[in-house]
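The data block below is entry.cif; it holds mmCIF, C-alpha atoms and all ligand atoms.
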data_query
loop_
_atom_site.label_atom_id
_atom_site.label_comp_id
_atom_site.auth_asym_id
_atom_site.auth_seq_id
_atom_site.Cartn_x
_atom_site.Cartn_y
_atom_site.Cartn_z
CA MET A 1 25.36 2.06 -7.33
CA LYS A 2 21.65 1.98 -8.00
CA LYS A 3 19.37 3.35 -5.32
CA VAL A 4 17.18 0.84 -3.53
CA VAL A 5 13.44 1.45 -3.40
CA LEU A 6 11.20 -0.66 -1.19
CA THR A 7 7.53 -0.68 -0.39
CA GLY A 8 4.99 -3.10 1.01
CA ILE A 9 1.23 -3.41 1.14
CA LYS A 10 -0.65 -5.12 3.95
CA PRO A 11 -3.06 -7.87 2.88
CA THR A 12 -5.93 -6.73 5.07
CA GLY A 13 -8.72 -6.53 2.48
CA THR A 14 -9.62 -6.59 -1.18
CA PRO A 15 -7.37 -4.13 -3.08
CA HIS A 16 -9.24 -0.97 -4.07
CA ILE A 17 -8.89 2.11 -6.27
CA GLY A 18 -7.15 3.99 -3.44
CA ASN A 19 -4.46 1.29 -3.20
CA TYR A 20 -3.92 1.45 -6.94
CA PHE A 21 -3.40 5.20 -7.25
CA GLY A 22 -1.83 5.67 -3.81
CA ALA A 23 0.65 2.80 -3.77
CA ILE A 24 0.73 0.49 -6.78
CA LYS A 25 0.87 3.00 -9.63
CA PRO A 26 3.64 5.12 -8.04
CA ALA A 27 5.57 1.92 -7.33
CA LEU A 28 5.28 0.92 -11.00
CA GLU A 29 6.75 4.26 -12.01
CA PHE A 30 9.84 3.64 -9.88
CA ALA A 31 10.11 0.15 -11.32
CA SER A 32 10.21 1.49 -14.86
CA ASN A 33 13.16 3.75 -13.99
CA ASP A 34 16.54 2.04 -14.43
CA GLU A 35 18.12 4.11 -11.67
CA TYR A 36 16.37 2.03 -9.05
CA ASP A 37 16.48 -1.50 -7.70
CA CYS A 38 12.95 -2.17 -6.52
CA TYR A 39 11.76 -4.48 -3.76
CA TYR A 40 8.00 -4.80 -3.44
CA PHE A 41 6.41 -7.16 -0.99
CA ILE A 42 3.23 -8.39 0.61
CA ALA A 43 3.34 -7.47 4.29
CA ASP A 44 1.58 -10.54 5.64
CA TYR A 45 3.38 -10.52 9.01
CA HIS A 46 1.97 -7.04 9.46
CA ALA A 47 -1.57 -8.24 8.81
CA LEU A 48 -1.47 -10.75 11.67
CA ASN A 49 -2.35 -8.26 14.38
CA GLN A 50 -5.60 -7.57 12.58
CA ILE A 51 -6.61 -10.68 10.60
CA LYS A 52 -7.21 -13.71 12.80
CA ASP A 53 -8.87 -16.01 10.28
CA PRO A 54 -6.23 -18.04 8.37
CA GLU A 55 -8.48 -18.53 5.33
CA VAL A 56 -9.19 -14.82 5.11
CA LEU A 57 -5.48 -14.06 5.36
CA LYS A 58 -4.64 -16.54 2.61
CA ASN A 59 -7.30 -15.13 0.35
CA ASN A 60 -6.16 -11.55 0.99
CA VAL A 61 -2.58 -12.50 0.13
CA LYS A 62 -3.77 -14.19 -3.04
CA GLU A 63 -5.83 -11.20 -4.17
CA LEU A 64 -3.03 -8.77 -3.42
CA ALA A 65 -0.37 -10.81 -5.22
CA CYS A 66 -2.59 -11.15 -8.30
CA THR A 67 -3.35 -7.43 -8.14
CA TRP A 68 0.33 -6.41 -8.17
CA LEU A 69 0.95 -8.65 -11.17
CA ALA A 70 -2.20 -7.61 -13.01
CA CYS A 71 -1.26 -3.96 -12.60
CA GLY A 72 1.93 -4.66 -14.51
CA ILE A 73 4.74 -5.24 -12.04
CA ASP A 74 7.51 -7.08 -13.90
CA PRO A 75 8.76 -9.81 -11.56
CA LYS A 76 11.93 -10.22 -13.61
CA LYS A 77 12.95 -6.66 -12.84
CA VAL A 78 11.32 -6.04 -9.47
CA VAL A 79 12.06 -8.36 -6.58
CA PHE A 80 8.52 -9.29 -5.62
CA TYR A 81 8.05 -11.41 -2.51
CA LYS A 82 6.00 -12.29 0.50
CA GLN A 83 7.31 -10.96 3.80
CA SER A 84 6.72 -14.22 5.64
CA ASP A 85 9.02 -16.04 3.17
CA LEU A 86 11.82 -13.88 4.54
CA SER A 87 12.14 -15.00 8.14
CA GLU A 88 15.35 -12.97 8.46
CA VAL A 89 13.05 -9.98 8.87
CA THR A 90 11.76 -11.27 12.19
CA GLU A 91 15.24 -11.95 13.54
CA LEU A 92 16.36 -8.46 12.61
CA THR A 93 13.24 -7.10 14.32
CA TRP A 94 14.46 -8.58 17.58
CA LEU A 95 17.94 -7.16 17.16
CA ILE A 96 16.83 -3.61 16.38
CA SER A 97 14.19 -3.59 19.11
CA ASN A 98 17.10 -3.28 21.54
CA VAL A 99 17.95 0.20 20.29
CA THR A 100 14.28 1.24 20.04
CA SER A 101 12.95 3.17 23.01
CA LYS A 102 9.48 2.28 24.19
CA GLY A 103 8.70 5.99 24.18
CA LEU A 104 9.21 6.09 20.41
CA LEU A 105 6.57 3.41 19.94
CA ASN A 106 4.22 5.07 22.45
CA ARG A 107 4.06 7.99 20.02
CA ALA A 108 2.96 5.92 17.01
CA HIS A 109 -0.34 7.23 15.58
CA ALA A 110 -2.01 3.82 15.27
CA TYR A 111 -1.15 2.90 18.86
CA LYS A 112 -2.25 6.26 20.20
CA ALA A 113 -5.56 6.08 18.33
CA LEU A 114 -6.37 2.71 19.92
CA THR A 115 -5.44 3.73 23.47
CA GLN A 116 -7.53 6.85 23.05
CA LYS A 117 -10.49 4.83 21.78
CA ALA A 118 -10.28 2.44 24.73
CA THR A 119 -9.99 5.33 27.17
CA GLU A 120 -13.07 7.00 25.71
CA GLU A 121 -14.96 3.73 26.11
CA GLY A 122 -13.92 3.68 29.78
CA ALA A 123 -11.68 0.61 29.32
CA ASP A 124 -8.02 0.08 30.15
CA PRO A 125 -6.02 2.14 27.61
CA ASP A 126 -4.12 -0.92 26.36
CA SER A 127 -7.12 -3.24 26.20
CA LEU A 128 -7.34 -3.04 22.40
CA VAL A 129 -3.61 -3.37 21.78
CA ASN A 130 -1.66 -6.54 21.07
CA MET A 131 2.13 -6.59 20.83
CA GLY A 132 1.93 -7.13 17.08
CA LEU A 133 0.34 -3.73 16.82
CA PHE A 134 2.66 -2.10 19.33
CA ASN A 135 5.78 -3.47 17.65
CA TYR A 136 4.46 -2.85 14.15
CA PRO A 137 6.88 0.05 13.51
CA VAL A 138 9.89 -2.07 14.49
CA LEU A 139 8.91 -4.85 12.09
CA MET A 140 8.42 -2.25 9.39
CA ALA A 141 11.85 -0.76 10.13
CA SER A 142 13.27 -4.23 9.72
CA ASP A 143 11.58 -4.62 6.29
CA ILE A 144 13.16 -1.38 5.23
CA LEU A 145 16.64 -1.80 6.68
CA ILE A 146 17.17 -5.42 5.71
CA VAL A 147 17.48 -4.68 1.97
CA ASN A 148 19.45 -1.43 2.49
CA SER A 149 16.61 0.76 1.25
CA ASN A 150 17.38 4.33 0.27
CA PHE A 151 13.82 5.32 -0.53
CA VAL A 152 10.44 4.18 0.71
CA PRO A 153 7.48 5.47 -1.32
CA VAL A 154 4.44 5.54 0.95
CA GLY A 155 1.26 7.50 1.57
CA GLN A 156 1.14 10.30 4.09
CA ASP A 157 -0.31 7.91 6.69
CA GLN A 158 2.93 5.86 6.70
CA LYS A 159 5.33 8.80 6.95
CA GLN A 160 5.77 8.43 10.70
CA HIS A 161 6.68 4.76 10.34
CA VAL A 162 9.48 5.52 7.88
CA GLU A 163 10.73 8.29 10.15
CA MET A 164 10.88 5.75 12.95
CA ALA A 165 12.84 3.37 10.73
CA ARG A 166 15.29 6.18 10.15
CA ASP A 167 15.55 6.89 13.92
CA ILE A 168 16.15 3.21 14.60
CA ALA A 169 18.83 2.94 11.89
CA GLN A 170 20.63 5.98 13.28
CA ALA A 171 20.43 4.74 16.86
CA PHE A 172 21.83 1.36 15.81
CA ASN A 173 24.63 2.91 13.77
CA LYS A 174 25.56 5.14 16.69
CA THR A 175 25.74 2.27 19.13
CA TYR A 176 27.29 -0.42 16.95
CA GLY A 177 29.03 1.45 14.16
CA ASN A 178 27.83 1.91 10.62
CA THR A 179 25.53 -1.03 9.87
CA PHE A 180 22.39 0.22 8.13
CA VAL A 181 21.63 2.51 5.23
CA VAL A 182 19.53 5.38 6.62
CA PRO A 183 16.26 5.40 4.64
CA LYS A 184 14.07 8.25 3.51
CA GLU A 185 10.34 8.33 2.83
CA LEU A 186 9.01 9.55 -0.51
CA ILE A 187 5.51 10.92 -0.18
CA LYS A 188 3.68 11.23 -3.47
CA LYS A 189 2.12 14.67 -3.35
CA ASP A 190 0.09 14.95 -6.52
CA VAL A 191 -2.22 12.00 -5.84
CA GLY A 192 -4.15 14.03 -3.30
CA LEU A 193 -7.22 12.74 -1.62
CA ILE A 194 -9.09 9.85 -3.21
CA LEU A 195 -12.78 9.96 -2.35
CA GLY A 196 -15.01 6.97 -1.71
CA GLN A 197 -18.66 6.38 -2.53
CA ASP A 198 -19.84 8.47 0.42
CA GLY A 199 -17.63 11.45 -0.45
CA ARG A 200 -15.20 10.80 2.41
CA LYS A 201 -11.59 9.62 2.00
CA MET A 202 -11.62 6.14 0.44
CA SER A 203 -10.69 3.83 3.30
CA LYS A 204 -11.38 0.30 4.45
CA SER A 205 -12.26 1.67 7.87
CA TYR A 206 -15.06 3.81 6.37
CA ASN A 207 -16.38 0.89 4.37
CA ASN A 208 -16.60 3.09 1.26
CA VAL A 209 -14.00 1.52 -0.99
CA ILE A 210 -14.41 0.62 -4.65
CA PRO A 211 -12.61 -2.68 -5.30
CA LEU A 212 -10.16 -2.37 -8.17
CA PHE A 213 -11.19 -5.59 -9.84
CA ALA A 214 -14.89 -5.84 -9.17
CA PRO A 215 -16.59 -7.48 -12.18
CA SER A 216 -17.74 -4.92 -14.74
CA GLU A 217 -21.43 -5.05 -13.78
CA LYS A 218 -20.59 -4.72 -10.09
CA LEU A 219 -18.34 -1.77 -10.84
CA ARG A 220 -21.17 -0.08 -12.72
CA LYS A 221 -23.47 -0.56 -9.73
CA LEU A 222 -20.87 0.83 -7.35
CA VAL A 223 -20.31 3.88 -9.53
CA MET A 224 -24.05 4.47 -9.82
CA SER A 225 -24.35 4.34 -6.02
CA ILE A 226 -21.86 7.16 -5.38
CA LYS A 227 -23.48 9.81 -3.24
CA THR A 228 -24.39 13.02 -5.10
CA ASP A 229 -26.31 16.22 -4.40
CA SER A 230 -29.90 16.79 -5.46
CA SER A 231 -29.23 19.38 -8.18
CA LEU A 232 -31.33 19.23 -11.35
CA PRO A 233 -29.99 17.40 -14.44
CA THR A 234 -29.41 20.67 -16.28
CA GLU A 235 -27.58 22.41 -13.45
CA PRO A 236 -23.75 22.69 -13.27
CA LYS A 237 -22.10 20.03 -11.14
CA PRO A 238 -19.36 20.56 -8.53
CA THR A 239 -15.86 19.41 -9.45
CA ASP A 240 -15.11 18.67 -5.79
CA SER A 241 -17.66 15.83 -5.92
CA ALA A 242 -16.57 12.21 -5.50
CA VAL A 243 -17.67 11.46 -9.08
CA PHE A 244 -15.36 14.11 -10.54
CA ASN A 245 -12.59 13.27 -8.09
CA LEU A 246 -12.57 9.68 -9.34
CA TYR A 247 -12.85 10.77 -12.96
CA SER A 248 -9.77 12.94 -12.57
CA LEU A 249 -7.71 9.94 -11.44
CA PHE A 250 -8.41 7.98 -14.60
CA ALA A 251 -8.48 10.77 -17.17
CA ASN A 252 -5.62 12.21 -19.18
CA PRO A 253 -5.38 16.05 -19.21
CA SER A 254 -7.47 16.56 -22.35
CA GLU A 255 -10.20 14.13 -21.23
CA LEU A 256 -10.25 15.90 -17.90
CA GLU A 257 -10.59 19.33 -19.49
CA ALA A 258 -13.48 18.16 -21.68
CA GLU A 259 -15.31 16.61 -18.72
CA LYS A 260 -14.79 19.72 -16.63
CA LYS A 261 -16.51 21.77 -19.34
CA LYS A 262 -19.49 19.41 -19.20
CA TYR A 263 -19.70 19.80 -15.43
CA GLU A 264 -19.59 23.57 -15.74
CA LYS A 265 -22.25 23.61 -18.43
CA GLY A 266 -24.50 21.19 -16.59
CA LEU A 267 -25.16 17.47 -17.01
CA SER A 268 -27.18 14.89 -15.12
CA TRP A 269 -25.48 12.85 -12.42
CA ALA A 270 -26.53 9.75 -14.35
CA GLU A 271 -24.52 10.94 -17.33
CA ALA A 272 -21.59 12.02 -15.17
CA LYS A 273 -21.54 8.57 -13.59
CA GLN A 274 -21.78 6.87 -16.96
CA ASP A 275 -18.75 8.90 -18.11
CA LEU A 276 -16.91 7.86 -14.97
CA PHE A 277 -17.79 4.20 -15.41
CA GLU A 278 -16.61 4.23 -19.02
CA ILE A 279 -13.27 5.84 -18.28
CA MET A 280 -12.69 3.45 -15.38
CA GLU A 281 -13.49 0.46 -17.54
CA LYS A 282 -11.02 1.63 -20.17
CA THR A 283 -8.17 1.48 -17.65
CA ILE A 284 -9.34 -1.40 -15.51
CA ALA A 285 -10.71 -3.92 -18.04
CA PRO A 286 -7.32 -5.03 -19.50
CA MET A 287 -5.86 -5.35 -16.00
CA ARG A 288 -8.94 -7.19 -14.77
CA GLU A 289 -8.44 -9.75 -17.47
CA LYS A 290 -4.92 -10.44 -16.19
CA TYR A 291 -6.17 -10.45 -12.63
CA ASP A 292 -8.76 -13.09 -13.40
CA TYR A 293 -6.08 -15.14 -15.15
CA TYR A 294 -3.71 -15.04 -12.17
CA MET A 295 -6.52 -15.80 -9.72
CA ALA A 296 -7.30 -18.91 -11.78
CA HIS A 297 -3.60 -19.86 -12.13
CA PHE A 298 -2.33 -19.08 -8.67
CA ASP A 299 0.37 -21.75 -8.87
CA GLU A 300 2.16 -19.46 -11.36
CA VAL A 301 1.93 -16.60 -8.88
CA GLU A 302 3.30 -18.77 -6.09
CA LYS A 303 6.31 -19.61 -8.28
CA ILE A 304 6.92 -15.91 -8.89
CA LEU A 305 6.76 -15.17 -5.15
CA ALA A 306 9.09 -18.07 -4.35
CA ASP A 307 11.57 -16.78 -6.90
CA GLY A 308 11.37 -13.30 -5.38
CA ALA A 309 12.04 -14.72 -1.93
CA LYS A 310 15.05 -16.59 -3.28
CA ARG A 311 16.49 -13.40 -4.72
CA VAL A 312 15.94 -11.22 -1.65
CA LYS A 313 17.20 -13.80 0.84
CA PRO A 314 20.98 -13.45 0.29
CA ILE A 315 20.73 -9.67 0.55
CA ALA A 316 18.73 -9.90 3.76
CA ARG A 317 21.10 -12.53 5.11
CA GLU A 318 24.08 -10.26 4.52
CA THR A 319 22.47 -7.35 6.39
CA LEU A 320 21.39 -9.59 9.24
CA ASP A 321 24.86 -11.12 9.57
CA ARG A 322 26.42 -7.68 9.62
CA ALA A 323 24.07 -6.56 12.40
CA ARG A 324 24.66 -9.77 14.39
CA LYS A 325 28.43 -9.42 14.08
CA ASN A 326 28.45 -5.76 15.06
CA MET A 327 26.35 -6.59 18.13
CA GLY A 328 28.76 -9.29 19.24
CA LEU A 329 26.71 -12.33 18.33
N1 LIG A 401 2.57 -0.31 7.00
C1 LIG A 401 2.33 -0.30 5.59
C2 LIG A 401 0.85 -0.03 5.35
O1 LIG A 401 0.03 -0.29 6.19
C3 LIG A 401 2.75 -1.60 4.94
C4 LIG A 401 4.21 -1.86 5.12
C5 LIG A 401 4.78 -2.81 5.88
C6 LIG A 401 5.26 -1.14 4.50
N2 LIG A 401 6.13 -2.76 5.81
C7 LIG A 401 6.47 -1.75 4.98
C8 LIG A 401 5.31 -0.05 3.64
C9 LIG A 401 7.70 -1.25 4.59
C10 LIG A 401 6.57 0.43 3.25
C11 LIG A 401 7.76 -0.17 3.73
O2 LIG A 401 0.50 0.42 4.29
#

Would you mind writing the structure in this file as structure tokens?
Amino acid sequence: MKKVVLTGIKPTGTPHIGNYFGAIKPALEFASNDEYDCYYFIADYHALNQIKDPEVLKNNVKELACTWLACGIDPKKVVFYKQSDLSEVTELTWLISNVTSKGLLNRAHAYKALTQKATEEGADPDSLVNMGLFNYPVLMASDILIVNSNFVPVGQDQKQHVEMARDIAQAFNKTYGNTFVVPKELIKKDVGLILGQDGRKMSKSYNNVIPLFAPSEKLRKLVMSIKTDSSLPTEPKPTDSAVFNLYSLFANPSELEAEKKKYEKGLSWAEAKQDLFEIMEKTIAPMREKYDYYMAHFDEVEKILADGAKRVKPIARETLDRARKNMGL
């Protein structure tokens, strides 16, 4: 039996370089390996606790779907779908919430961060928390368990959520007999930190992201605006800078070695940034072309997503029915 790999991305903003190297590229590598059955989805139910404007949500979903396809996901091989097309997920969420202790969810990092923030502001600890956020890990467990996932490739920040899915699966199996496959997270180690324009971790919450498919001229401007030190053009440049960090993501080993030598010898930041822009363009331009095509032909994308939903549905239905039956429903 092939192993099942599942991962999702939340449509909460325009996809950026960090999403590509942290989530999409590793997912494509699994998809090209015949040992795995891959399920990749757009976690739009998960975005609801954060995005309250329906037009913004729709646009985010559109951009994310086109991004996955532009990056080369093969929808004939991978089951590619939108979470909200699979309503079975919400029913399973209700079922598994009955073996999920509230204490488990109290320990979730995202929840704790918000209660702490509110407390520091002198407000009620739960004032910033809606139930969509609090129950987020249960919904995510449902995503994972419903297709019998063995492996869930995620970034370090999602490790706790997959651990919770595992706890929930085990608790359910203990109470109701063997029902769910117990999943395991796969954390990609060698990606490391991806730095944003200000030199901090690239993150939507820091407002320092570089969109993956910004038009070429915009990308150039963004690259040129990356924060650098005030060393002279002839002085050596640090390889722990954001400019080099980004270069290293796009470069192959020999390109990287050559650039490193230039940094050690000394080059101007303007030149270093030009090198970065060129190597980014080399990778991004062909994908951007596909992205622009899909954005302009979204009806084709919608068909692909509908087909994905049709393929995942019977599998989800089977898991849900098994859970219902074992619970006495
Ligand atoms: N929580 C994930 C994120 O914010 C998205 C997600 C939702 C997910 N359901 C999932 C990831 C299931 C992996 C498996 O990035």

So, with all atoms listed in the file as the atoms that count, which of A:Leu69, A:Ala123, A:Ile168, A:Ala31 lies closest to Lys102 of chain A?
A:Ile168

Provide the atom CA of Leu232 of chain A to atom CA of Glu278 of chain A distance in Å, to one decimal place.
22.4 Å

Neighbours of ligand LIG 401 (chain A) at 8 Å or closer, counting all atoms listed in the file: which residues, as an NGL selection string?
:A and (6-10 or 42-43 or 46 or 136-137 or 139-141 or 143-144 or 152-155 or 157-158 or 161-162)

Asp229 of chain A: which residues within 9 Å, counting all atoms listed in the file, same-chain residues fewer than 3 positions away excluded, as a list of chain:residue names?
A:Lys237, A:Ser241, A:Trp269

Save the residues we just selected, C-alpha atoms, as an mmCIF file, in the frame of the given file?
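So the final result, stored in result_30.cif, reads:
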data_model
loop_
_atom_site.group_PDB
_atom_site.id
_atom_site.type_symbol
_atom_site.label_atom_id
_atom_site.label_comp_id
_atom_site.auth_asym_id
_atom_site.auth_seq_id
_atom_site.Cartn_x
_atom_site.Cartn_y
_atom_site.Cartn_z
ATOM 1 C CA LYS A 237 -22.100 20.030 -11.140
ATOM 2 C CA SER A 241 -17.660 15.830 -5.920
ATOM 3 C CA TRP A 269 -25.480 12.850 -12.420
#

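Of the listed residues A:Gln274, A:Phe151, A:Ser205, A:Ile146, the one whose atoms come nearest to Leu95 of chain A is A:Ile146, with distances taken using all atoms listed in the file.
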
State, in Å with one decimal place, the distance from atom CA of Cys38 of chain A to atom CA of Pro75 of chain A.
10.1 Å

If I put a ball of radius 9 Å at (7.1, -2.1, -14.3) in the file's coordinates, which residues poke into it when counting all atoms listed in the file, written as a ChimeraX atom specification?
/A:27-33,71-75,77-78

Residues near segment 126-134 of chain A, cut-off 7 Å, only C-alpha atoms, skip fewer than 4 positions along chain, as a list in words
Asn49, Leu105, Tyr111, Leu114, Thr115 and Ala118 of chain A
